[in-house]
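The structure file coords36.pdb is reproduced below (PDB, C-alpha atoms and all ligand atoms).
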ATOM      1  CA  MET H   1    -218.705 -50.475   2.015  1.00  0.00           C
ATOM      2  CA  SER H   2    -215.061 -49.793   2.954  1.00  0.00           C
ATOM      3  CA  ALA H   3    -213.466 -46.440   2.168  1.00  0.00           C
ATOM      4  CA  PRO H   4    -211.957 -46.200  -1.345  1.00  0.00           C
ATOM      5  CA  LEU H   5    -208.573 -47.848  -1.765  1.00  0.00           C
ATOM      6  CA  ARG H   6    -205.885 -45.712  -3.409  1.00  0.00           C
ATOM      7  CA  LEU H   7    -203.301 -47.152  -5.800  1.00  0.00           C
ATOM      8  CA  GLY H   8    -199.751 -45.835  -5.792  1.00  0.00           C
ATOM      9  CA  VAL H   9    -197.829 -47.044  -8.811  1.00  0.00           C
ATOM     10  CA  ASN H  10    -194.116 -47.513  -8.261  1.00  0.00           C
ATOM     11  CA  ILE H  11    -192.233 -46.559 -11.439  1.00  0.00           C
ATOM     12  CA  ASP H  12    -188.747 -47.625 -10.237  1.00  0.00           C
ATOM     13  CA  HIS H  13    -188.403 -50.419 -12.746  1.00  0.00           C
ATOM     14  CA  VAL H  14    -189.130 -48.154 -15.695  1.00  0.00           C
ATOM     15  CA  ALA H  15    -186.042 -46.274 -14.521  1.00  0.00           C
ATOM     16  CA  THR H  16    -184.144 -49.561 -14.103  1.00  0.00           C
ATOM     17  CA  ILE H  17    -184.732 -50.402 -17.779  1.00  0.00           C
ATOM     18  CA  ARG H  18    -183.770 -46.871 -18.840  1.00  0.00           C
ATOM     19  CA  ASN H  19    -180.597 -47.043 -16.766  1.00  0.00           C
ATOM     20  CA  ALA H  20    -179.571 -50.305 -18.459  1.00  0.00           C
ATOM     21  CA  ARG H  21    -178.698 -48.174 -21.529  1.00  0.00           C
ATOM     22  CA  GLY H  22    -178.037 -44.872 -19.780  1.00  0.00           C
ATOM     23  CA  GLY H  23    -180.278 -42.833 -22.120  1.00  0.00           C
ATOM     24  CA  GLU H  24    -183.742 -41.341 -21.755  1.00  0.00           C
ATOM     25  CA  HIS H  25    -185.929 -44.271 -22.818  1.00  0.00           C
ATOM     26  CA  PRO H  26    -188.201 -45.492 -21.302  1.00  0.00           C
ATOM     27  CA  ASP H  27    -189.006 -42.221 -19.534  1.00  0.00           C
ATOM     28  CA  PRO H  28    -190.281 -42.722 -15.949  1.00  0.00           C
ATOM     29  CA  VAL H  29    -192.268 -39.459 -16.173  1.00  0.00           C
ATOM     30  CA  LYS H  30    -194.112 -40.700 -19.262  1.00  0.00           C
ATOM     31  CA  ALA H  31    -194.834 -43.959 -17.421  1.00  0.00           C
ATOM     32  CA  ALA H  32    -196.066 -42.020 -14.373  1.00  0.00           C
ATOM     33  CA  LEU H  33    -198.468 -39.968 -16.511  1.00  0.00           C
ATOM     34  CA  LEU H  34    -199.763 -43.154 -18.135  1.00  0.00           C
ATOM     35  CA  ALA H  35    -200.248 -44.699 -14.676  1.00  0.00           C
ATOM     36  CA  VAL H  36    -202.329 -41.692 -13.615  1.00  0.00           C
ATOM     37  CA  LYS H  37    -204.387 -41.915 -16.826  1.00  0.00           C
ATOM     38  CA  ALA H  38    -205.020 -45.588 -15.997  1.00  0.00           C
ATOM     39  CA  GLY H  39    -206.278 -44.841 -12.488  1.00  0.00           C
ATOM     40  CA  ALA H  40    -203.254 -44.479 -10.194  1.00  0.00           C
ATOM     41  CA  HIS H  41    -203.915 -42.041  -7.351  1.00  0.00           C
ATOM     42  CA  GLY H  42    -200.248 -41.433  -6.751  1.00  0.00           C
ATOM     43  CA  ILE H  43    -196.759 -42.287  -7.939  1.00  0.00           C
ATOM     44  CA  THR H  44    -194.108 -43.915  -5.804  1.00  0.00           C
ATOM     45  CA  ALA H  45    -190.385 -43.907  -6.489  1.00  0.00           C
ATOM     46  CA  HIS H  46    -187.388 -45.035  -4.438  1.00  0.00           C
ATOM     47  CA  LEU H  47    -184.247 -42.911  -4.593  1.00  0.00           C
ATOM     48  CA  ARG H  48    -181.691 -45.500  -3.527  1.00  0.00           C
ATOM     49  CA  GLU H  49    -178.254 -44.662  -2.267  1.00  0.00           C
ATOM     50  CA  ASP H  50    -176.756 -46.271  -5.414  1.00  0.00           C
ATOM     51  CA  ARG H  51    -179.343 -44.568  -7.729  1.00  0.00           C
ATOM     52  CA  ARG H  52    -180.097 -47.880  -9.432  1.00  0.00           C
ATOM     53  CA  HIS H  53    -183.731 -46.850  -9.980  1.00  0.00           C
ATOM     54  CA  ILE H  54    -184.693 -43.175 -10.258  1.00  0.00           C
ATOM     55  CA  ARG H  55    -182.013 -40.480 -10.177  1.00  0.00           C
ATOM     56  CA  ASP H  56    -182.024 -37.131  -8.386  1.00  0.00           C
ATOM     57  CA  GLU H  57    -183.172 -35.239 -11.485  1.00  0.00           C
ATOM     58  CA  ASP H  58    -186.152 -37.605 -11.895  1.00  0.00           C
ATOM     59  CA  ILE H  59    -187.630 -36.300  -8.643  1.00  0.00           C
ATOM     60  CA  ALA H  60    -187.778 -32.719  -9.935  1.00  0.00           C
ATOM     61  CA  MET H  61    -189.202 -33.899 -13.256  1.00  0.00           C
ATOM     62  CA  LEU H  62    -191.849 -36.056 -11.570  1.00  0.00           C
ATOM     63  CA  MET H  63    -192.800 -33.224  -9.206  1.00  0.00           C
ATOM     64  CA  ALA H  64    -193.156 -30.810 -12.138  1.00  0.00           C
ATOM     65  CA  ALA H  65    -195.177 -33.186 -14.321  1.00  0.00           C
ATOM     66  CA  LEU H  66    -197.543 -34.756 -11.804  1.00  0.00           C
ATOM     67  CA  ASP H  67    -200.751 -33.395 -10.370  1.00  0.00           C
ATOM     68  CA  VAL H  68    -201.148 -36.444  -8.123  1.00  0.00           C
ATOM     69  CA  PRO H  69    -199.153 -37.097  -4.934  1.00  0.00           C
ATOM     70  CA  LEU H  70    -195.541 -38.282  -5.197  1.00  0.00           C
ATOM     71  CA  ASN H  71    -194.466 -40.723  -2.502  1.00  0.00           C
ATOM     72  CA  LEU H  72    -190.679 -40.721  -2.216  1.00  0.00           C
ATOM     73  CA  GLU H  73    -189.255 -43.897  -0.717  1.00  0.00           C
ATOM     74  CA  MET H  74    -186.029 -43.163   1.107  1.00  0.00           C
ATOM     75  CA  ALA H  75    -183.586 -44.490   3.668  1.00  0.00           C
ATOM     76  CA  ALA H  76    -183.338 -42.518   6.917  1.00  0.00           C
ATOM     77  CA  THR H  77    -180.035 -40.851   6.016  1.00  0.00           C
ATOM     78  CA  GLN H  78    -179.015 -37.187   6.122  1.00  0.00           C
ATOM     79  CA  GLU H  79    -178.498 -37.195   2.322  1.00  0.00           C
ATOM     80  CA  MET H  80    -182.044 -38.462   1.637  1.00  0.00           C
ATOM     81  CA  LEU H  81    -183.560 -36.165   4.266  1.00  0.00           C
ATOM     82  CA  ASP H  82    -181.913 -33.145   2.592  1.00  0.00           C
ATOM     83  CA  ILE H  83    -183.244 -34.245  -0.804  1.00  0.00           C
ATOM     84  CA  ALA H  84    -186.773 -34.761   0.551  1.00  0.00           C
ATOM     85  CA  LEU H  85    -186.753 -31.363   2.270  1.00  0.00           C
ATOM     86  CA  ARG H  86    -185.542 -29.727  -0.936  1.00  0.00           C
ATOM     87  CA  HIS H  87    -188.216 -31.263  -3.177  1.00  0.00           C
ATOM     88  CA  LYS H  88    -191.069 -31.516  -0.647  1.00  0.00           C
ATOM     89  CA  PRO H  89    -192.930 -34.497  -2.131  1.00  0.00           C
ATOM     90  CA  HIS H  90    -196.429 -35.151  -0.802  1.00  0.00           C
ATOM     91  CA  ALA H  91    -195.176 -38.165   1.158  1.00  0.00           C
ATOM     92  CA  ALA H  92    -191.953 -39.845   2.191  1.00  0.00           C
ATOM     93  CA  CYS H  93    -191.885 -43.535   3.003  1.00  0.00           C
ATOM     94  CA  ILE H  94    -188.910 -44.486   5.136  1.00  0.00           C
ATOM     95  CA  VAL H  95    -187.536 -47.867   4.129  1.00  0.00           C
ATOM     96  CA  PRO H  96    -184.575 -49.906   5.330  1.00  0.00           C
ATOM     97  CA  GLU H  97    -181.841 -50.039   2.711  1.00  0.00           C
ATOM     98  CA  LYS H  98    -178.926 -52.385   2.285  1.00  0.00           C
ATOM     99  CA  ARG H  99    -176.647 -51.786  -0.642  1.00  0.00           C
ATOM    100  CA  GLU H 100    -176.375 -55.448  -1.617  1.00  0.00           C
ATOM    101  CA  GLU H 101    -180.098 -56.274  -1.522  1.00  0.00           C
ATOM    102  CA  ARG H 102    -182.009 -56.789  -4.753  1.00  0.00           C
ATOM    103  CA  THR H 103    -185.124 -55.119  -3.366  1.00  0.00           C
ATOM    104  CA  THR H 104    -186.268 -53.875   0.034  1.00  0.00           C
ATOM    105  CA  GLU H 105    -185.977 -56.989   2.177  1.00  0.00           C
ATOM    106  CA  GLY H 106    -188.122 -56.867   5.284  1.00  0.00           C
ATOM    107  CA  GLY H 107    -189.570 -53.879   7.049  1.00  0.00           C
ATOM    108  CA  LEU H 108    -187.880 -51.050   8.867  1.00  0.00           C
ATOM    109  CA  ASP H 109    -186.978 -51.853  12.476  1.00  0.00           C
ATOM    110  CA  ALA H 110    -188.594 -48.651  13.742  1.00  0.00           C
ATOM    111  CA  ALA H 111    -188.712 -49.971  17.301  1.00  0.00           C
ATOM    112  CA  GLY H 112    -184.968 -50.685  17.283  1.00  0.00           C
ATOM    113  CA  GLN H 113    -184.028 -47.323  15.725  1.00  0.00           C
ATOM    114  CA  ILE H 114    -186.269 -44.840  17.502  1.00  0.00           C
ATOM    115  CA  ASP H 115    -183.402 -42.445  18.205  1.00  0.00           C
ATOM    116  CA  VAL H 116    -182.173 -42.444  14.600  1.00  0.00           C
ATOM    117  CA  LEU H 117    -185.677 -42.055  13.197  1.00  0.00           C
ATOM    118  CA  ARG H 118    -186.998 -39.423  15.616  1.00  0.00           C
ATOM    119  CA  PRO H 119    -185.262 -36.378  14.081  1.00  0.00           C
ATOM    120  CA  VAL H 120    -185.893 -37.591  10.520  1.00  0.00           C
ATOM    121  CA  VAL H 121    -189.632 -38.075  11.125  1.00  0.00           C
ATOM    122  CA  ALA H 122    -189.835 -34.756  12.993  1.00  0.00           C
ATOM    123  CA  LYS H 123    -188.152 -32.790  10.179  1.00  0.00           C
ATOM    124  CA  LEU H 124    -190.352 -34.382   7.520  1.00  0.00           C
ATOM    125  CA  ASN H 125    -193.467 -33.738   9.649  1.00  0.00           C
ATOM    126  CA  ASP H 126    -192.386 -30.108  10.130  1.00  0.00           C
ATOM    127  CA  ALA H 127    -192.060 -29.727   6.364  1.00  0.00           C
ATOM    128  CA  ASP H 128    -195.626 -31.081   5.865  1.00  0.00           C
ATOM    129  CA  ILE H 129    -194.329 -34.178   4.115  1.00  0.00           C
ATOM    130  CA  ARG H 130    -196.564 -37.099   5.036  1.00  0.00           C
ATOM    131  CA  VAL H 131    -194.293 -39.640   6.698  1.00  0.00           C
ATOM    132  CA  SER H 132    -194.862 -43.321   6.249  1.00  0.00           C
ATOM    133  CA  LEU H 133    -192.820 -46.061   7.911  1.00  0.00           C
ATOM    134  CA  PHE H 134    -192.455 -49.288   5.911  1.00  0.00           C
ATOM    135  CA  ILE H 135    -192.767 -51.858   8.696  1.00  0.00           C
ATOM    136  CA  GLU H 136    -193.588 -55.479   9.326  1.00  0.00           C
ATOM    137  CA  ALA H 137    -197.143 -56.162  10.508  1.00  0.00           C
ATOM    138  CA  ASP H 138    -196.127 -56.186  14.145  1.00  0.00           C
ATOM    139  CA  ALA H 139    -197.583 -54.488  17.241  1.00  0.00           C
ATOM    140  CA  THR H 140    -194.122 -53.414  18.465  1.00  0.00           C
ATOM    141  CA  GLN H 141    -193.424 -51.615  15.193  1.00  0.00           C
ATOM    142  CA  ILE H 142    -196.816 -49.903  15.275  1.00  0.00           C
ATOM    143  CA  ALA H 143    -196.144 -48.753  18.835  1.00  0.00           C
ATOM    144  CA  ALA H 144    -192.870 -47.265  17.554  1.00  0.00           C
ATOM    145  CA  ALA H 145    -194.735 -45.470  14.748  1.00  0.00           C
ATOM    146  CA  VAL H 146    -197.097 -44.004  17.360  1.00  0.00           C
ATOM    147  CA  GLU H 147    -194.157 -42.880  19.491  1.00  0.00           C
ATOM    148  CA  LEU H 148    -192.447 -41.324  16.466  1.00  0.00           C
ATOM    149  CA  GLY H 149    -195.585 -39.449  15.399  1.00  0.00           C
ATOM    150  CA  ALA H 150    -195.720 -41.009  11.925  1.00  0.00           C
ATOM    151  CA  PRO H 151    -199.172 -40.444  10.374  1.00  0.00           C
ATOM    152  CA  VAL H 152    -198.870 -43.481   8.081  1.00  0.00           C
ATOM    153  CA  VAL H 153    -197.410 -46.982   8.163  1.00  0.00           C
ATOM    154  CA  GLU H 154    -196.963 -49.134   5.087  1.00  0.00           C
ATOM    155  CA  LEU H 155    -197.307 -52.788   6.012  1.00  0.00           C
ATOM    156  CA  HIS H 156    -194.807 -55.053   4.259  1.00  0.00           C
ATOM    157  CA  THR H 157    -196.659 -57.669   2.207  1.00  0.00           C
ATOM    158  CA  GLY H 158    -193.517 -59.350   0.813  1.00  0.00           C
ATOM    159  CA  ALA H 159    -193.687 -62.400   3.107  1.00  0.00           C
ATOM    160  CA  TYR H 160    -197.435 -62.770   2.466  1.00  0.00           C
ATOM    161  CA  ALA H 161    -196.763 -62.664  -1.285  1.00  0.00           C
ATOM    162  CA  HIS H 162    -194.173 -65.421  -1.144  1.00  0.00           C
ATOM    163  CA  LEU H 163    -195.908 -67.786   1.278  1.00  0.00           C
ATOM    164  CA  GLU H 164    -198.574 -70.328   0.420  1.00  0.00           C
ATOM    165  CA  GLY H 165    -201.483 -72.119   2.086  1.00  0.00           C
ATOM    166  CA  ALA H 166    -201.859 -71.896   5.851  1.00  0.00           C
ATOM    167  CA  ALA H 167    -198.684 -69.846   6.267  1.00  0.00           C
ATOM    168  CA  ARG H 168    -200.013 -67.228   3.833  1.00  0.00           C
ATOM    169  CA  ALA H 169    -203.371 -67.177   5.638  1.00  0.00           C
ATOM    170  CA  ALA H 170    -201.577 -66.601   8.962  1.00  0.00           C
ATOM    171  CA  GLU H 171    -199.519 -63.747   7.478  1.00  0.00           C
ATOM    172  CA  LEU H 172    -202.689 -62.223   6.026  1.00  0.00           C
ATOM    173  CA  ARG H 173    -204.271 -62.271   9.493  1.00  0.00           C
ATOM    174  CA  ARG H 174    -201.171 -60.603  10.922  1.00  0.00           C
ATOM    175  CA  ILE H 175    -201.430 -57.837   8.298  1.00  0.00           C
ATOM    176  CA  ALA H 176    -205.175 -57.381   8.911  1.00  0.00           C
ATOM    177  CA  ASP H 177    -204.611 -57.214  12.699  1.00  0.00           C
ATOM    178  CA  ALA H 178    -201.795 -54.698  12.250  1.00  0.00           C
ATOM    179  CA  ALA H 179    -203.955 -52.560   9.947  1.00  0.00           C
ATOM    180  CA  ALA H 180    -206.732 -52.530  12.554  1.00  0.00           C
ATOM    181  CA  LEU H 181    -204.270 -51.676  15.345  1.00  0.00           C
ATOM    182  CA  ALA H 182    -202.722 -48.865  13.320  1.00  0.00           C
ATOM    183  CA  ALA H 183    -206.131 -47.380  12.507  1.00  0.00           C
ATOM    184  CA  LYS H 184    -207.166 -47.641  16.161  1.00  0.00           C
ATOM    185  CA  ASN H 185    -204.102 -45.557  17.015  1.00  0.00           C
ATOM    186  CA  GLY H 186    -204.941 -42.896  14.434  1.00  0.00           C
ATOM    187  CA  ILE H 187    -202.332 -44.095  11.909  1.00  0.00           C
ATOM    188  CA  GLU H 188    -203.372 -44.648   8.287  1.00  0.00           C
ATOM    189  CA  PRO H 189    -202.282 -48.127   7.151  1.00  0.00           C
ATOM    190  CA  HIS H 190    -200.975 -48.686   3.634  1.00  0.00           C
ATOM    191  CA  ALA H 191    -199.578 -51.938   2.259  1.00  0.00           C
ATOM    192  CA  GLY H 192    -197.226 -53.073  -0.464  1.00  0.00           C
ATOM    193  CA  HIS H 193    -194.457 -55.237  -1.855  1.00  0.00           C
ATOM    194  CA  GLY H 194    -194.794 -58.280  -4.072  1.00  0.00           C
ATOM    195  CA  LEU H 195    -198.470 -57.703  -4.916  1.00  0.00           C
ATOM    196  CA  THR H 196    -199.782 -59.274  -8.132  1.00  0.00           C
ATOM    197  CA  PHE H 197    -203.106 -59.967  -9.838  1.00  0.00           C
ATOM    198  CA  ASP H 198    -203.178 -63.308  -8.012  1.00  0.00           C
ATOM    199  CA  ASN H 199    -202.540 -62.127  -4.453  1.00  0.00           C
ATOM    200  CA  VAL H 200    -203.864 -58.548  -4.268  1.00  0.00           C
ATOM    201  CA  ALA H 201    -207.530 -59.238  -3.460  1.00  0.00           C
ATOM    202  CA  PRO H 202    -207.217 -60.393   0.198  1.00  0.00           C
ATOM    203  CA  ILE H 203    -204.980 -57.393   0.980  1.00  0.00           C
ATOM    204  CA  ALA H 204    -207.299 -55.002  -0.887  1.00  0.00           C
ATOM    205  CA  ALA H 205    -210.203 -56.373   1.171  1.00  0.00           C
ATOM    206  CA  ILE H 206    -208.692 -55.314   4.531  1.00  0.00           C
ATOM    207  CA  PRO H 207    -211.048 -52.421   5.330  1.00  0.00           C
ATOM    208  CA  GLN H 208    -208.575 -50.154   7.157  1.00  0.00           C
ATOM    209  CA  VAL H 209    -205.936 -50.283   4.393  1.00  0.00           C
ATOM    210  CA  ALA H 210    -206.155 -46.974   2.527  1.00  0.00           C
ATOM    211  CA  GLU H 211    -203.477 -47.381  -0.137  1.00  0.00           C
ATOM    212  CA  LEU H 212    -201.509 -50.068  -1.949  1.00  0.00           C
ATOM    213  CA  ASN H 213    -198.133 -49.393  -3.539  1.00  0.00           C
ATOM    214  CA  ILE H 214    -197.370 -51.719  -6.425  1.00  0.00           C
ATOM    215  CA  GLY H 215    -194.463 -51.694  -8.855  1.00  0.00           C
ATOM    216  CA  HIS H 216    -192.466 -54.655 -10.088  1.00  0.00           C
ATOM    217  CA  PHE H 217    -195.388 -56.827 -11.133  1.00  0.00           C
ATOM    218  CA  LEU H 218    -197.096 -53.980 -13.017  1.00  0.00           C
ATOM    219  CA  ILE H 219    -193.984 -53.068 -14.973  1.00  0.00           C
ATOM    220  CA  GLY H 220    -193.275 -56.739 -15.749  1.00  0.00           C
ATOM    221  CA  GLU H 221    -196.866 -57.403 -16.740  1.00  0.00           C
ATOM    222  CA  ALA H 222    -196.774 -54.374 -19.061  1.00  0.00           C
ATOM    223  CA  ILE H 223    -194.381 -56.368 -21.256  1.00  0.00           C
ATOM    224  CA  PHE H 224    -197.155 -58.839 -21.945  1.00  0.00           C
ATOM    225  CA  GLY H 225    -199.749 -56.096 -22.373  1.00  0.00           C
ATOM    226  CA  GLY H 226    -197.555 -54.011 -24.651  1.00  0.00           C
ATOM    227  CA  LEU H 227    -194.834 -56.045 -26.352  1.00  0.00           C
ATOM    228  CA  GLU H 228    -197.067 -57.197 -29.167  1.00  0.00           C
ATOM    229  CA  ALA H 229    -198.091 -53.629 -30.034  1.00  0.00           C
ATOM    230  CA  SER H 230    -194.507 -52.358 -30.034  1.00  0.00           C
ATOM    231  CA  ILE H 231    -193.279 -55.191 -32.275  1.00  0.00           C
ATOM    232  CA  ARG H 232    -196.209 -54.703 -34.676  1.00  0.00           C
ATOM    233  CA  GLU H 233    -195.377 -50.968 -34.938  1.00  0.00           C
ATOM    234  CA  MET H 234    -191.701 -51.745 -35.677  1.00  0.00           C
ATOM    235  CA  ARG H 235    -192.753 -54.315 -38.302  1.00  0.00           C
ATOM    236  CA  ARG H 236    -195.111 -51.694 -39.847  1.00  0.00           C
ATOM    237  CA  GLN H 237    -192.373 -49.054 -40.039  1.00  0.00           C
ATOM    238  CA  MET H 238    -189.903 -51.511 -41.561  1.00  0.00           C
ATOM    239  CA  ASP H 239    -192.445 -52.576 -44.162  1.00  0.00           C
ATOM    240  CA  LEU H 240    -193.310 -48.931 -44.966  1.00  0.00           C
ATOM    241  CA  ALA H 241    -189.651 -48.239 -45.678  1.00  0.00           C
ATOM    242  CA  ARG H 242    -189.427 -50.888 -48.421  1.00  0.00           C
TER
HETATM  243  N1  LIG H 301    -193.658 -50.334  -0.989  1.00  0.00           N
HETATM  244  C1  LIG H 301    -192.366 -50.178  -0.632  1.00  0.00           C
HETATM  245  C2  LIG H 301    -192.063 -49.454   0.635  1.00  0.00           C
HETATM  246  C3  LIG H 301    -191.320 -50.664  -1.449  1.00  0.00           C
HETATM  247  O1  LIG H 301    -190.044 -50.496  -1.075  1.00  0.00           O
HETATM  248  C4  LIG H 301    -191.661 -51.282  -2.668  1.00  0.00           C
HETATM  249  C5  LIG H 301    -190.578 -51.746  -3.585  1.00  0.00           C
HETATM  250  O2  LIG H 301    -189.798 -50.683  -3.974  1.00  0.00           O
HETATM  251  C6  LIG H 301    -193.019 -51.413  -3.000  1.00  0.00           C
HETATM  252  C7  LIG H 301    -193.994 -50.954  -2.134  1.00  0.00           C
HETATM  253  C8  LIG H 301    -193.459 -52.040  -4.281  1.00  0.00           C
HETATM  254  O3  LIG H 301    -193.108 -53.385  -4.291  1.00  0.00           O
HETATM  255  P1  LIG H 301    -193.210 -54.191  -5.650  1.00  0.00           P
HETATM  256  O4  LIG H 301    -192.262 -53.538  -6.609  1.00  0.00           O
HETATM  257  O5  LIG H 301    -192.813 -55.568  -5.271  1.00  0.00           O
HETATM  258  O6  LIG H 301    -194.641 -54.083  -6.111  1.00  0.00           O
END
Before anything else, please render the file you have as structure tokens.
Ligand code: PXP
Amino acid sequence: MSAPLRLGVNIDHVATIRNARGGEHPDPVKAALLAVKAGAHGITAHLREDRRHIRDEDIAMLMAALDVPLNLEMAATQEMLDIALRHKPHAACIVPEKREERTTEGGLDAAGQIDVLRPVVAKLNDADIRVSLFIEADATQIAAAVELGAPVVELHTGAYAHLEGAARAAELRRIADAAALAAKNGIEPHAGHGLTFDNVAPIAAIPQVAELNIGHFLIGEAIFGGLEASIREMRRQMDLAR
């Protein structure tokens, strides 16, 4: 039996829908509490430079409401470091961020940015915030994580999720090898990006992987799990009023 696999639910896209109207609904905190009730071990949220998902005030509200770990995804900038040090989430996952991208595209080039990352990782480590580096499944990037003293790496599963057939199988092997290498070096491997009901099982079966972070698919799938109930309730209230 492998060790238990934790699930971190990323609630960014609840915030995206809320932000489309600028009000309070749907509330990411309410979604986070529902995720915990359903079996999530932690909540993940990405404070982007452009605040297109969660906003600064969401972090304080999530921290106050949750009794499970909050994993704050952040770019390695002074602004985000200051925010993380102020709120002290359980974990901070350092991701690459480009303003024009639709979602995080590709892993962090930790090996190419050691000097930029070193003080950020050190300050987060000093504040007892568990640092994770969101990297490609690559031995060079894991060596950089070791050099930086990051206790966790999150292996990018985006390419795996989008490939098919032999190419997907090769990417899966790369992720499994990277997870084993990370664990051998005392780093806890996590994985995430693009995971769905159809592609999660082979990643979940990698024995060293301790946590998966999943967002977009779960929020999208919730439409199909919940749209019928919300329309029926509206229909009921309309009928009651007549
Ligand atoms: N892990 C990291 C580091 C991410 O940046 C994201 C996307 O925000 C995820 C996991 C979740 O990816 P998805 O929304 O595709 O499930």
TODO: Have a look at atom CA of H:Val116 and atom CA of H:Thr77 and let me know their distance in Å, one decimal.
DONE: 9.0 Å
Non-local contacts of stretch 176-180 of chain H (12 Å; only C-alpha atoms; under 6 positions in same chain excluded) as a short mmCIF file (atom, residue, chain, number, x, y, z; two decimals) with C-alpha atoms, in the frame of the given file:
data_model
loop_
_atom_site.label_atom_id
_atom_site.label_comp_id
_atom_site.auth_asym_id
_atom_site.auth_seq_id
_atom_site.Cartn_x
_atom_site.Cartn_y
_atom_site.Cartn_z
CA ILE H 135 -192.77 -51.86 8.70
CA GLU H 136 -193.59 -55.48 9.33
CA ALA H 137 -197.14 -56.16 10.51
CA ASP H 138 -196.13 -56.19 14.14
CA ALA H 139 -197.58 -54.49 17.24
CA THR H 140 -194.12 -53.41 18.46
CA GLN H 141 -193.42 -51.62 15.19
CA ILE H 142 -196.82 -49.90 15.28
CA ALA H 143 -196.14 -48.75 18.84
CA ALA H 145 -194.74 -45.47 14.75
CA VAL H 152 -198.87 -43.48 8.08
CA VAL H 153 -197.41 -46.98 8.16
CA GLU H 154 -196.96 -49.13 5.09
CA LEU H 155 -197.31 -52.79 6.01
CA HIS H 156 -194.81 -55.05 4.26
CA THR H 157 -196.66 -57.67 2.21
CA TYR H 160 -197.44 -62.77 2.47
CA ALA H 169 -203.37 -67.18 5.64
CA ALA H 170 -201.58 -66.60 8.96
CA GLY H 186 -204.94 -42.90 14.43
CA ILE H 187 -202.33 -44.10 11.91
CA GLU H 188 -203.37 -44.65 8.29
CA PRO H 189 -202.28 -48.13 7.15
CA HIS H 190 -200.98 -48.69 3.63
CA ALA H 191 -199.58 -51.94 2.26
CA PRO H 202 -207.22 -60.39 0.20
CA ILE H 203 -204.98 -57.39 0.98
CA ALA H 204 -207.30 -55.00 -0.89
CA ALA H 205 -210.20 -56.37 1.17
CA ILE H 206 -208.69 -55.31 4.53
CA PRO H 207 -211.05 -52.42 5.33
CA GLN H 208 -208.58 -50.15 7.16
CA VAL H 209 -205.94 -50.28 4.39
CA ALA H 210 -206.16 -46.97 2.53
CA GLU H 211 -203.48 -47.38 -0.14
#
Task: Within 9 Å of H:Leu85 using all atoms listed in the file, minus same-chain residues under 2 positions, as a PyMOL selection string - done: chain H and resi 80-83+87-89+123-124+127+129
TODO: Return the single residue from H:Arg21, H:His90, H:Lys30, H:Arg52 that is closest to ligand LIG 301 (chain H), with distances computed using only C-alpha atoms and all ligand atoms.
DONE: H:Arg52
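In this model, the gap between atom CA of H:Phe217 and atom CA of H:Glu57 comes to 24.8 Å.
Closest approach to H:Arg118 among H:Ile214, H:Ala150, H:Leu195, H:Ile223 is made by H:Ala150 (distances from all atoms listed in the file).
Minimum atom-to-atom distances from H:Gly22, H:Pro69, H:Gly149, H:Gly8 to ligand LIG 301 (chain H) were compared using all atoms listed in the file, and the lowest value belongs to H:Gly8.
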Task: Selected residue, from H:Leu172, H:Ala64, H:Ala3, H:Ala45, that lies nearest to ligand LIG 301 (chain H) when counting all atoms listed in the file - done: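 Among the listed residues, H:Ala45 lies closest to ligand LIG 301 (chain H).
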Open item on the list: Using the chain letters and numbers from this file, what does the PyMOL selection byres (((not hetatm)) within 7 of (chain H and resi 301)) select? Give the answer as a list in words.
Closed with: Asn10, His46, Glu73, Cys93, Val95, Thr103, Thr104, Phe134, Glu154, Ala191, Gly192, His193, Gly194, Leu195, Asn213, Ile214, Gly215, His216 and Phe217 of chain H
- [ ] Go through H:Ile54, H:Ile175, H:Leu218, H:Leu108 and flag the residue nearest H:Pro26, using only C-alpha atoms for the distances.
- [x]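 Closest to H:Pro26, using only C-alpha atoms: H:Ile54.
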